[in-house]
Amino acid sequence: MSEYKEQPLSATTFEPAPIAANSVATEETKAVRRPAVIGLGLAGLLLLFVFFVLPSLVAPDDPTQLGAIADNNAGTAEGSSFPSTASATPEVGEGRSPFAEAQESALRREAQEILQALLSKQSTLEALGAARWAETTYRDALEQAALGDTAYRERDFQQAIASYQAGVERLEALEEGLPGRIDALFATLTLAIEAGDLLAAQARLNELAEMAPTDSRVFDLSDRVSALPQVIGSLEAAALAEAENDYATAVNNAEIATQADPLHLRAQRRLSELQVALTQQRFTAAMTAGYAALAQAEFERAKDQFEAAARLQPGAPEPSAALAELEQARTQARLLSIREQAERAAQEERWQDAIALFNEALAIDALILYANEGIARAQPRADLDERLDAIVTEKNRLIDRRVLRLAQETLDEAQKVPSPGTRLQRQIVAATATIDYATTPVTVEMNSDGLTDITVLRVQRLGLVQQQILTLRPGTYTAVGMRTGFRDVRIQFEVKPGQLNAVDVRCVEAI
């Protein structure tokens with residue numbers, strides 16, 4: 001259809017200039033009026049173009065093409081043809097105003113647009129077989145389209161619009177109800193598959209393929225219908241084997257049926273029933289073997305047997321009870337083993353190992369008596385053991401009087417332990433030697449230039465000295481020198497007994 005829209009136009013009015021009183025004035029103004037006359041002539045031509053030529057140029061496309069499409073798709077308006085634009089549209093000169101012409105043109109376009117929507121929906125629904133599964137409504141919609149065609153030919157565009165719209169609404173109702181029809185048909189097809197009704201399933205599948213050709217469920221159910229003969233035959237073979245108490249063969253045939261159609265509920269149900277009968281004997285054998293292994297404290301083998309029984313008969317209470325009994329026996333055996341290991345560690349003065357084992361036992365049973373008593377004994381000895389080792393490994397810290405005092409207290413505590421073991425005795429000897437070393441006074445000679453202010457950290461401030469003798473305990477010290485206008489110096493030195501200990505501290509780098 002044309003995209004041009006007619007607009008109401010208004011004519012330009014003008015009044016001619018008054019006739020000159022004499023020919024002299026006319027001659028004088030002729031040169032001035034000539035361009036105005038030409039302009040007025042062009043304006044008149046433009047008005048004629050607007051009122052007589054333009055309406056024919058913006059008239060809508062020939063509706064016979066849409067009518068022909070309707071005739072071909074619906075078959076309800078054979079032999080009909082819409083009048084052409086040239087014969088249907090009267091000229092303005094016949095008494096129709098531009099406004100009336102524009103209104104009629106707008107109604108014509110609206111009718112054609114609704115007709116186009118109707119044709120589109122009719123084509124879609126026809127491809128989906130609507131003439132078969134919704135014959136009455138579909139035929140009624142086409143009849144409305146035919147009524148619209150008649151009104152269109154008679155130039156009753158408002159009636160044509162109403163009839164076309166009625167047809168569109170009927171087809172839209174079919175479209176809106178289509179998903180429900182499809183779902184109901186899917187449900188019917190599924191029931192036919194479950195019932196093993198091959199003929200009914202094939203018929204419903206053909207209907208669905210036409211009604212919902214792009215629905216993925218059609219492809220899924222097509223595979224199920226194809227597998228239905230295999231499912232039916234396998235289930236019949238399973239029933240024969242069950243009658244002969246051959247449950248292994250029956251289960252095998254039921255599995256073939258479920259493999260052919262994994263969604264077939266009846267096949268799944270029969271497979272489950274047959275598996276229960278087949279596994280009952282295996283279940284009993286597994287439980288018996290599990291209890292025999294438990295009696296011999298073969299916990300892993302017993303667990304394997306009980307778990308196998310649980311897999312054979314899911315939900316049965318016997319395997320759960322047996323596994324609980326197994327875990328209780330395993331726990332008791334584990335607690336006994338932990339106790340033996342912890343007591344051995346305590347005897348060997350491996351106090352941290354003993355504590356870890358006692359804690360492991362408490363994690364299993366927080367009320368276990370031997371673990372609580374064992375930690376009460378082992379924790380103080382483990383703490384003492386750690387402090388004695390620290391005296392030796394951190395002997396440089398003994399220059400701190402507080403640290404030295406704590407070390408002496410630790411040594412006194414160790415010496416009071418009754419019946420010390422071999423490890424504790426060695427620790428006492430090592431700690432005693434370390435403390436003796438740390439308390440031996442050593443002479444240290446401090447040298448400077450008399451201009452540097454010297455401080456020995458954690459000892460004392462010496463001030464401005466050239467030489468001074470200090471008595472210090474063995475260890476590592478730090479001396480700091482400061483002098484105005486010079487960069488500070490920081491010297492770390494170690495004091496050891498039995499050697500010359502001389503330290504030179506002076507600021508020499510000017511800032």
# chains A, B, ... in the order shown; residues from 1 in each chain; ligands from 1
call {"tool": "residues_around", "arguments": {"residues": "Glu494 (chain A)", "least_positions_apart": "2", "cutoff": "7 Å", "atoms": "only C-alpha atoms", "output": "ChimeraX atom specification"}}
result
/A:475-477,496
call {"tool": "closest_atom_pairs", "arguments": {"of": "region 103-197 of chain A", "to": "region 215-239 of chain A", "cutoff": "8 Å", "atoms": "only C-alpha atoms", "output": "tab-separated table"}}
result
residue	atom	partner	partner_atom	distance
A:Thr190	CA	A:Leu221	CA	7.8
A:Ile193	CA	A:Val225	CA	6.8
A:Gly196	CA	A:Ile232	CA	6.4
call {"tool": "closest_residue", "arguments": {"among": "A:Ala145, A:Val417, A:Arg405, A:Arg334", "to": "Asp365 (chain A)", "atoms": "only C-alpha atoms"}}
result
A:Arg334
call {"tool": "atom_distance", "arguments": {"atom1": "CA of Met211 (chain A)", "atom2": "CA of Ile182 (chain A)"}}
result
7.2 Å
call {"tool": "closest_atom_pairs", "arguments": {"of": "region 417-495 of chain A", "to": "region 386-390 of chain A", "cutoff": "9 Å", "atoms": "only C-alpha atoms", "output": "tab-separated table"}}
result
residue	atom	partner	partner_atom	distance
A:Leu424	CA	A:Leu388	CA	8.8
A:Gln427	CA	A:Leu388	CA	6.2
A:Ile428	CA	A:Leu388	CA	7.4
A:Ala430	CA	A:Leu388	CA	8.5
A:Ala431	CA	A:Leu388	CA	6.4
call {"tool": "closest_residue", "arguments": {"among": "A:Ala286, A:Gln122, A:Ala297, A:Ala100", "to": "Ala310 (chain A)", "atoms": "only C-alpha atoms"}}
result
A:Ala286
call {"tool": "residues_around", "arguments": {"residues": "Asp504 (chain A)", "least_positions_apart": "3", "cutoff": "10 Å", "atoms": "only C-alpha atoms", "output": "PyMOL selection string"}}
result
chain A and resi 445-449+466-467+479+491
call {"tool": "residues_around", "arguments": {"residues": "Thr432 (chain A)", "least_positions_apart": "2", "cutoff": "12 Å", "atoms": "only C-alpha atoms", "output": "ChimeraX atom specification"}}
result
/A:388-389,391-392,395,404,407-412,414-415,425-430,434-439
call {"tool": "select_by_dssp", "arguments": {"residues": "region 446-510 of chain A", "states": "strand (DSSP E)", "output": "number ranges by chain"}}
result
A: 446-447, 453-456, 460-464, 467-472, 475-482, 489-495, 502-504
call {"tool": "select_by_dssp", "arguments": {"residues": "region 342-488 of chain A", "states": "helix (DSSP H, G or I)", "output": "ChimeraX atom specification"}}
result
/A:342-347,351-364,369-393,395-399,401-415,422-438
call {"tool": "write_last_selection", "arguments": {"atoms": "C-alpha atoms", "output": "PDB file, in the first residue's frame"}}
result
ATOM      1  CA  ALA A 342      49.031 -42.152  74.189  1.00  0.00           C
ATOM      2  CA  GLU A 343      50.366 -44.049  77.202  1.00  0.00           C
ATOM      3  CA  ARG A 344      53.404 -45.120  75.204  1.00  0.00           C
ATOM      4  CA  ALA A 345      54.068 -41.510  74.164  1.00  0.00           C
ATOM      5  CA  ALA A 346      53.846 -40.363  77.804  1.00  0.00           C
ATOM      6  CA  GLN A 347      56.293 -43.013  78.905  1.00  0.00           C
ATOM      7  CA  TRP A 351      54.174 -35.015  75.686  1.00  0.00           C
ATOM      8  CA  GLN A 352      52.874 -33.166  72.629  1.00  0.00           C
ATOM      9  CA  ASP A 353      52.186 -36.484  70.868  1.00  0.00           C
ATOM     10  CA  ALA A 354      50.394 -37.764  73.955  1.00  0.00           C
ATOM     11  CA  ILE A 355      48.212 -34.635  74.123  1.00  0.00           C
ATOM     12  CA  ALA A 356      47.316 -34.939  70.430  1.00  0.00           C
ATOM     13  CA  LEU A 357      46.237 -38.550  70.936  1.00  0.00           C
ATOM     14  CA  PHE A 358      44.167 -37.735  74.011  1.00  0.00           C
ATOM     15  CA  ASN A 359      42.447 -34.932  72.085  1.00  0.00           C
ATOM     16  CA  GLU A 360      41.709 -37.353  69.253  1.00  0.00           C
ATOM     17  CA  ALA A 361      39.996 -39.636  71.735  1.00  0.00           C
ATOM     18  CA  LEU A 362      37.982 -36.744  73.165  1.00  0.00           C
ATOM     19  CA  ALA A 363      36.858 -35.791  69.657  1.00  0.00           C
ATOM     20  CA  ILE A 364      35.306 -39.241  69.430  1.00  0.00           C
ATOM     21  CA  LEU A 369      37.826 -40.832  81.271  1.00  0.00           C
ATOM     22  CA  TYR A 370      41.343 -41.881  80.356  1.00  0.00           C
ATOM     23  CA  ALA A 371      41.676 -39.057  77.819  1.00  0.00           C
ATOM     24  CA  ASN A 372      40.616 -36.344  80.273  1.00  0.00           C
ATOM     25  CA  GLU A 373      42.980 -37.654  82.973  1.00  0.00           C
ATOM     26  CA  GLY A 374      45.780 -38.095  80.469  1.00  0.00           C
ATOM     27  CA  ILE A 375      45.582 -34.462  79.284  1.00  0.00           C
ATOM     28  CA  ALA A 376      45.603 -33.262  82.906  1.00  0.00           C
ATOM     29  CA  ARG A 377      48.923 -35.091  83.396  1.00  0.00           C
ATOM     30  CA  ALA A 378      50.519 -34.408  80.039  1.00  0.00           C
ATOM     31  CA  GLN A 379      49.732 -30.697  79.561  1.00  0.00           C
ATOM     32  CA  PRO A 380      51.952 -29.352  82.409  1.00  0.00           C
ATOM     33  CA  ARG A 381      54.837 -31.615  81.369  1.00  0.00           C
ATOM     34  CA  ALA A 382      54.479 -30.520  77.737  1.00  0.00           C
ATOM     35  CA  ASP A 383      54.576 -26.865  78.800  1.00  0.00           C
ATOM     36  CA  LEU A 384      57.674 -27.474  80.979  1.00  0.00           C
ATOM     37  CA  ASP A 385      59.325 -29.369  78.139  1.00  0.00           C
ATOM     38  CA  GLU A 386      58.785 -26.440  75.776  1.00  0.00           C
ATOM     39  CA  ARG A 387      60.127 -23.863  78.236  1.00  0.00           C
ATOM     40  CA  LEU A 388      63.268 -25.887  78.963  1.00  0.00           C
ATOM     41  CA  ASP A 389      64.053 -26.161  75.254  1.00  0.00           C
ATOM     42  CA  ALA A 390      63.527 -22.410  74.851  1.00  0.00           C
ATOM     43  CA  ILE A 391      66.176 -21.647  77.503  1.00  0.00           C
ATOM     44  CA  VAL A 392      68.806 -23.290  75.327  1.00  0.00           C
ATOM     45  CA  THR A 393      67.584 -22.230  71.881  1.00  0.00           C
ATOM     46  CA  LYS A 395      69.943 -18.059  75.225  1.00  0.00           C
ATOM     47  CA  ASN A 396      70.654 -14.580  73.795  1.00  0.00           C
ATOM     48  CA  ARG A 397      67.409 -13.364  75.354  1.00  0.00           C
ATOM     49  CA  LEU A 398      68.822 -14.136  78.812  1.00  0.00           C
ATOM     50  CA  ILE A 399      70.568 -10.755  78.887  1.00  0.00           C
ATOM     51  CA  ARG A 401      66.816  -9.775  83.562  1.00  0.00           C
ATOM     52  CA  ARG A 402      63.110 -10.689  83.391  1.00  0.00           C
ATOM     53  CA  VAL A 403      63.765 -13.467  80.896  1.00  0.00           C
ATOM     54  CA  LEU A 404      66.679 -14.738  82.985  1.00  0.00           C
ATOM     55  CA  ARG A 405      64.484 -14.824  86.085  1.00  0.00           C
ATOM     56  CA  LEU A 406      61.811 -16.843  84.279  1.00  0.00           C
ATOM     57  CA  ALA A 407      64.468 -19.263  83.044  1.00  0.00           C
ATOM     58  CA  GLN A 408      65.763 -19.827  86.572  1.00  0.00           C
ATOM     59  CA  GLU A 409      62.194 -20.437  87.795  1.00  0.00           C
ATOM     60  CA  THR A 410      61.650 -22.974  85.001  1.00  0.00           C
ATOM     61  CA  LEU A 411      64.863 -24.784  85.953  1.00  0.00           C
ATOM     62  CA  ASP A 412      63.778 -24.914  89.604  1.00  0.00           C
ATOM     63  CA  GLU A 413      60.400 -26.370  88.544  1.00  0.00           C
ATOM     64  CA  ALA A 414      62.093 -29.063  86.445  1.00  0.00           C
ATOM     65  CA  GLN A 415      64.409 -30.036  89.273  1.00  0.00           C
ATOM     66  CA  THR A 422      65.875 -39.470  80.552  1.00  0.00           C
ATOM     67  CA  ARG A 423      64.693 -36.575  78.389  1.00  0.00           C
ATOM     68  CA  LEU A 424      63.950 -34.319  81.369  1.00  0.00           C
ATOM     69  CA  GLN A 425      67.333 -35.045  82.917  1.00  0.00           C
ATOM     70  CA  ARG A 426      69.094 -33.997  79.704  1.00  0.00           C
ATOM     71  CA  GLN A 427      67.012 -30.821  79.549  1.00  0.00           C
ATOM     72  CA  ILE A 428      67.905 -29.917  83.149  1.00  0.00           C
ATOM     73  CA  VAL A 429      71.616 -30.288  82.429  1.00  0.00           C
ATOM     74  CA  ALA A 430      71.428 -28.166  79.274  1.00  0.00           C
ATOM     75  CA  ALA A 431      69.350 -25.450  80.933  1.00  0.00           C
ATOM     76  CA  THR A 432      71.708 -25.264  83.915  1.00  0.00           C
ATOM     77  CA  ALA A 433      74.743 -24.815  81.649  1.00  0.00           C
ATOM     78  CA  THR A 434      72.973 -22.130  79.632  1.00  0.00           C
ATOM     79  CA  ILE A 435      71.947 -20.137  82.678  1.00  0.00           C
ATOM     80  CA  ASP A 436      75.456 -20.390  84.157  1.00  0.00           C
ATOM     81  CA  TYR A 437      76.858 -19.078  80.887  1.00  0.00           C
ATOM     82  CA  ALA A 438      74.363 -16.225  80.789  1.00  0.00           C
TER      83      ALA A 438
END
call {"tool": "atom_distance", "arguments": {"atom1": "CA of Ala250 (chain A)", "atom2": "CA of Ala267 (chain A)"}}
result
11.7 Å
call {"tool": "atom_distance", "arguments": {"atom1": "CA of Glu298 (chain A)", "atom2": "CA of Leu278 (chain A)"}}
result
28.1 Å
